[in-house]
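Contents: one structure, followed by commentary.
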Amino acid sequence: MKSFKQIALIGCSALLSLGVTSCFQSDPNSPGYEYMPDMYYSPAYKPGEPNPNYENGITNQVPVEGTVAHTDEALDKINFAPFPYEDSPEGREAAIAELKSPLERNSFHLDEGKRLYEVYCIACHGKEGKGDGSVVKILLEKDNYGLQPPAYNSDQLKGISEGQIYYAMQYGKGNMGSYASQTNAVERWQIVQYVQTLQQLGAEEAEETDAETTEAASPDSTAAN
Amino acid sequence: MSNAMRMTRWFVMLLLLSLTGQGRAQDIAQGEQLFKANCARCHYVTDKRFVGPGLAGVRDRWDEEANLIAWIRNSSDYLKTGDSYATKLFEEYNGSVMPAFNLSDDEILSILAYVEEGVKEDPTISTTPDPLTPEENSDSNNTLTYILIGFAIILLILARSLNNVTKALENLRREKAGEDPLPDFKPDYVGRFVTWAAKNKKVVGVASIVIVSYLAYQGFVGLNTIGIYQGYQPAQPIKFSHKLHVGQNKIECQYCHSTVEKSRHANIPSANVCMNCHKAVQEGPQYGKNEITKIYASIGWNPEKLAYFENYQQMDPEEVKAVFASYLGDDKAMKEVEPFIQKPIEWVQIHKLPDHAFFSHAQHVKVGKVECTTCHGELAEMEEVYQYAPLTMGWCINCHRETEVQYASNGYYERLHDYYKEHKGEYEMREGQAFTVEKIGGLECSKCHY
């Protein structure tokens, strides 16, 4: 009887101290305590912080219109180049007719374009540009078919010029927003290169299969493809 | 109603059906196909605005069907005729041109037939809430505490009543044996404890050792967490779910945090990036309109007209409030949206390094090819983000010691790689030694502190 009491007492005291310490558990909204935080914070304002020195109270000011970030000497020429086409029907027509890519076609730009495409475009346009991205698929489930972008190799898009593709990224088109804030000019042109290969997707296969069908004269091969 | 009248009615209806029904079903099916392929990207069949106007009753809005057909086929050509309604439409939708379509009159008519039919059968195309699985709020921690407290109370009552039972039984025994009954319960706890403790010094000693060592251990753990924010999970102004956006919708991290490979900082996306999708997606699966409307209030998007307000920052706040109040139709939700009107969204920063340590996201993500999840945890499963890594210096150093440099086909390290190849003799590495970040100066003080 006595030993039971003793064990019970020890157990109770352990529980009590557990209870006491658990009261100190931190509030998720507070990061916790700091010890001599003098060197943790410099007086400079960090990006994303409120800033009383500006009228709108934001540290991240929008750069002066027309400024371009300095990146790489070779690519700066493209990023610094002015974009003379306005966000208007006339500007669009002009861009479609005249705008040409300043990048040469090579595998570096194409690979970069693919990588960037898979960051910025794939969610809606899908891996092969068929308009079946992950976001679109979810929206299609709730029958919101209006949000499905057309396939790049559809009749509607397979013929559009590189200027038109670039213009759509610069200013947005329909439900697509502008990507000018997320990408720079070089990156957009790299994406254009990759999108152009997606426009051709199926065209070569179709030609090949056409050739095959004429040679082998078997209509099954087209169906299989 | 007499039989004769009923018969006549049926007859008339049958006659009408036989006249109009033929081919109409086919028209509508064809129209539906054409509509989905050509029009649905910008128009709803209801009266809801999208990129273009809602098409319900479009036939009634145009005086002549021929004009409507001409307008649909090539709107920019038709605009040149100077039709007042067409010009008005063009201006109302900020001069965005409807593309020309290579469709025959019959095809356009079948689309129009589908539009008329579509309104009847599907009035709620976009207003149905998203069927995606709504997440239950995780109150599991709280409920566990309540359950434990409940158990404790039940056990206490049980102990008390059992005690009473034993006392009653003992008294019964004593009564039979002719002894005095047990004395009444004395409430002098402290006095009783002191006398008891004086008698049982060993037990008290052991108990105090247990308590003191436990408190010392907890104190040590507590001191170790000073200045470490691991697990910090502040409430954010918008209940943005990474689990939904990354886990289900599979949007890449860099889509929103796009400066992560160009800058030292991973940016918090500005509201225009949200609008890339939320122009069209106005309702979420968990919170409906409420949370998304906060973005609209901040950036100045009119969700009823589906267009940005003009000169939003200069507008009268009351006027803006009225628009959002009528859109939400819910006072409680409106209260939450109000602080966002004409104001930036003040997200709460979670991961903070002290200012005396330099860290560059670009260096780690673009050059080092470190996955986001290495330091930030499985965001695809985080409803709310918390600080996953301790972000201590020991943690940084440890990773620099263990991580091998990914220099293969990595342009950034090409020169370094070539240099080591040329000076093979000087820098020969021991067999089996990993080429870690430490080897290229990843432990130098001045790399991060300067």
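Going through the structure tokens in order, the chains are called A, B, and so on, while each chain numbers its residues from 1 and the ligands are numbered from 1 in the order shown.
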Handout entry: Distance query A:Ser181 at most 10 Å, only C-alpha atoms, self and fewer than 4 positions along chain excluded, as a PyMOL selection string
Key = (chain A and resi 170) or (chain B and resi 258-259+269-270+272-273)
Handout entry: Selection near B:Phe340, 9 Å with only C-alpha atoms, sequence-local residues under 3 positions removed, as an MDAnalysis selection string
Key = chainID B and resid 294:299 336:337 343:346
Extract, using only C-alpha atoms, all DNA, RNA and protein residues at most 10 Å from B:Cys277, discarding same-chain residues fewer than 5 positions from it, and format them as a PDB file with C-alpha atoms, in the first residue's frame.
```
ATOM      1  CA  CYS A 124      -2.804  25.394 -68.450  1.00  0.00           C
ATOM      2  CA  VAL A 135      -5.320  23.270 -63.780  1.00  0.00           C
ATOM      3  CA  LEU A 147     -11.085  27.902 -69.785  1.00  0.00           C
ATOM      4  CA  ASN A 175      -8.109  34.565 -70.191  1.00  0.00           C
ATOM      5  CA  MET A 176      -4.348  34.402 -70.299  1.00  0.00           C
ATOM      6  CA  GLY A 177      -2.656  37.088 -68.257  1.00  0.00           C
TER       7      GLY A 177
ATOM      8  CA  ASN B 272      -1.216  40.413 -60.872  1.00  0.00           C
ATOM      9  CA  GLN B 282     -13.581  33.298 -58.888  1.00  0.00           C
TER      10      GLN B 282
END
```
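The spacing separating atom CA of B:Lys80 from atom CA of A:Lys173 amounts to 22.8 Å.
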Practice task
May I have the residues within 7 Å of stretch 384-393 of chain B as a PyMOL selection string, using only C-alpha atoms and disregarding those fewer than 3 positions away in the same chain?
Solution key: chain B and resi 228-233+241-242+350-351+375-377+396-397
Expected file: the selected residues, C-alpha atoms, as an mmCIF file, in the first residue's frame:
```cif
data_model
loop_
_atom_site.group_PDB
_atom_site.id
_atom_site.type_symbol
_atom_site.label_atom_id
_atom_site.label_comp_id
_atom_site.auth_asym_id
_atom_site.auth_seq_id
_atom_site.Cartn_x
_atom_site.Cartn_y
_atom_site.Cartn_z
ATOM 1 C CA ILE B 228 15.169 29.505 -33.860
ATOM 2 C CA TYR B 229 11.869 29.866 -35.620
ATOM 3 C CA GLN B 230 11.411 26.268 -36.682
ATOM 4 C CA GLY B 231 7.725 25.423 -36.752
ATOM 5 C CA TYR B 232 6.718 29.090 -36.933
ATOM 6 C CA GLN B 233 3.317 29.114 -38.622
ATOM 7 C CA SER B 241 -3.449 26.866 -49.522
ATOM 8 C CA HIS B 242 -0.195 25.523 -50.934
ATOM 9 C CA ILE B 350 8.037 33.156 -42.224
ATOM 10 C CA HIS B 351 11.613 32.320 -43.176
ATOM 11 C CA CYS B 375 14.696 23.536 -47.216
ATOM 12 C CA HIS B 376 10.986 24.319 -47.268
ATOM 13 C CA GLY B 377 9.513 20.865 -46.758
ATOM 14 C CA CYS B 396 23.680 25.227 -43.228
ATOM 15 C CA ILE B 397 27.166 23.876 -42.577
#
```
Exercise for the section: Excluding B:Arg401 and residues on its chain fewer than 5 positions from it, collect all residues at most 9 Å away from it, counting only C-alpha atoms, and give them as a PyMOL selection string. Expected result: chain B and resi 396+436-439+442-443
Handout entry: Among listed residues B:Gln248, B:Thr81, B:Asn398, B:Thr374, nearest chain A (using only C-alpha atoms)
Key = B:Gln248
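When only C-alpha atoms are used to measure the gap to chain A, the shortest distance among B:Glu92, B:Glu381, B:Glu261, B:Glu252 belongs to B:Glu252.
Across the structure, atom CA of B:Cys39 and atom CA of B:Asp105 are spaced 15.5 Å apart.
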Practice task
Write out as a PyMOL selection string each polymer residue whose atoms come within 8 Å of B:Asn249, counting only C-alpha atoms; drop sequence neighbours fewer than 6 positions from it.
Solution key: chain A and resi 123+134-135+138
Problem - DSSP helix (DSSP H, G or I) residues within stretch 127-193 of chain A, as a PyMOL selection string - result: chain A and resi 134-141+145-147+162-171+185-193
Using C-alpha atoms, can you export the residues from the last selection as a PDB file, in the first residue's frame?
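Output file out.pdb follows:
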```pdb
ATOM      1  CA  SER A 134      -3.314  20.159 -64.634  1.00  0.00           C
ATOM      2  CA  VAL A 135      -5.320  23.270 -63.780  1.00  0.00           C
ATOM      3  CA  VAL A 136      -7.434  23.026 -66.921  1.00  0.00           C
ATOM      4  CA  LYS A 137      -8.148  19.356 -66.228  1.00  0.00           C
ATOM      5  CA  ILE A 138      -9.549  20.192 -62.802  1.00  0.00           C
ATOM      6  CA  LEU A 139     -11.651  22.984 -64.260  1.00  0.00           C
ATOM      7  CA  LEU A 140     -12.909  20.711 -67.017  1.00  0.00           C
ATOM      8  CA  GLU A 141     -14.164  18.321 -64.337  1.00  0.00           C
ATOM      9  CA  TYR A 145     -14.772  24.099 -70.594  1.00  0.00           C
ATOM     10  CA  GLY A 146     -14.501  27.776 -71.386  1.00  0.00           C
ATOM     11  CA  LEU A 147     -11.085  27.902 -69.785  1.00  0.00           C
ATOM     12  CA  GLU A 162       6.410  34.029 -83.474  1.00  0.00           C
ATOM     13  CA  GLY A 163       5.489  37.679 -83.047  1.00  0.00           C
ATOM     14  CA  GLN A 164       1.938  36.713 -82.178  1.00  0.00           C
ATOM     15  CA  ILE A 165       3.086  34.157 -79.602  1.00  0.00           C
ATOM     16  CA  TYR A 166       5.405  36.708 -78.024  1.00  0.00           C
ATOM     17  CA  TYR A 167       2.734  39.387 -78.051  1.00  0.00           C
ATOM     18  CA  ALA A 168       0.339  37.078 -76.189  1.00  0.00           C
ATOM     19  CA  MET A 169       2.943  36.540 -73.469  1.00  0.00           C
ATOM     20  CA  GLN A 170       3.743  40.245 -73.289  1.00  0.00           C
ATOM     21  CA  TYR A 171       0.196  41.522 -72.890  1.00  0.00           C
ATOM     22  CA  ALA A 185      12.348  39.296 -72.865  1.00  0.00           C
ATOM     23  CA  VAL A 186      14.996  36.636 -73.419  1.00  0.00           C
ATOM     24  CA  GLU A 187      13.030  34.091 -71.460  1.00  0.00           C
ATOM     25  CA  ARG A 188       9.884  34.898 -73.411  1.00  0.00           C
ATOM     26  CA  TRP A 189      11.680  34.433 -76.710  1.00  0.00           C
ATOM     27  CA  GLN A 190      13.097  31.146 -75.462  1.00  0.00           C
ATOM     28  CA  ILE A 191       9.599  30.000 -74.617  1.00  0.00           C
ATOM     29  CA  VAL A 192       8.496  31.097 -78.106  1.00  0.00           C
ATOM     30  CA  GLN A 193      11.104  28.775 -79.609  1.00  0.00           C
TER      31      GLN A 193
END
```
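The closest residue to A:Glu112, picked from A:Lys127, A:Ala74, A:Tyr194, A:Ser30 and counting only C-alpha atoms, is A:Tyr194.
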Practice task
List the neighbours of stretch 44-59 of chain B out to 7 Å using only C-alpha atoms; skip same-chain residues closer than 3 positions along the sequence, and give me the result as a ChimeraX atom specification.
Solution key: /A:174-175 /B:40,62,115-116,118-119,123,305-306
Next, the residues of the selection above should be written as a compact mmCIF listing (two decimals), in the first residue's frame with C-alpha atoms.
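Saved to out00.txt:
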```txt
# COMPACT_ATOMS: atom_id res chain seq x y z
CA GLY A 174 -8.33 36.41 -73.48
CA ASN A 175 -8.11 34.57 -70.19
CA ALA B 40 -16.43 28.97 -75.16
CA TRP B 62 -29.44 42.34 -82.56
CA VAL B 115 -26.85 29.02 -77.25
CA GLU B 116 -30.64 29.30 -76.97
CA GLY B 118 -27.91 25.80 -73.64
CA VAL B 119 -29.39 28.53 -71.49
CA PRO B 123 -28.12 27.94 -66.14
CA LYS B 305 -17.93 43.55 -64.69
CA LEU B 306 -14.85 41.33 -65.04
```
Practice task
as an MDAnalysis selection string, please: all residues of stretch 294-354 of chain B that backbone DSSP puts in strand (DSSP E or B).
Solution key: chainID B and resid 301:302 307:308
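Atom CA of B:Tyr78 is positioned 14.9 Å from atom CA of A:Pro89.
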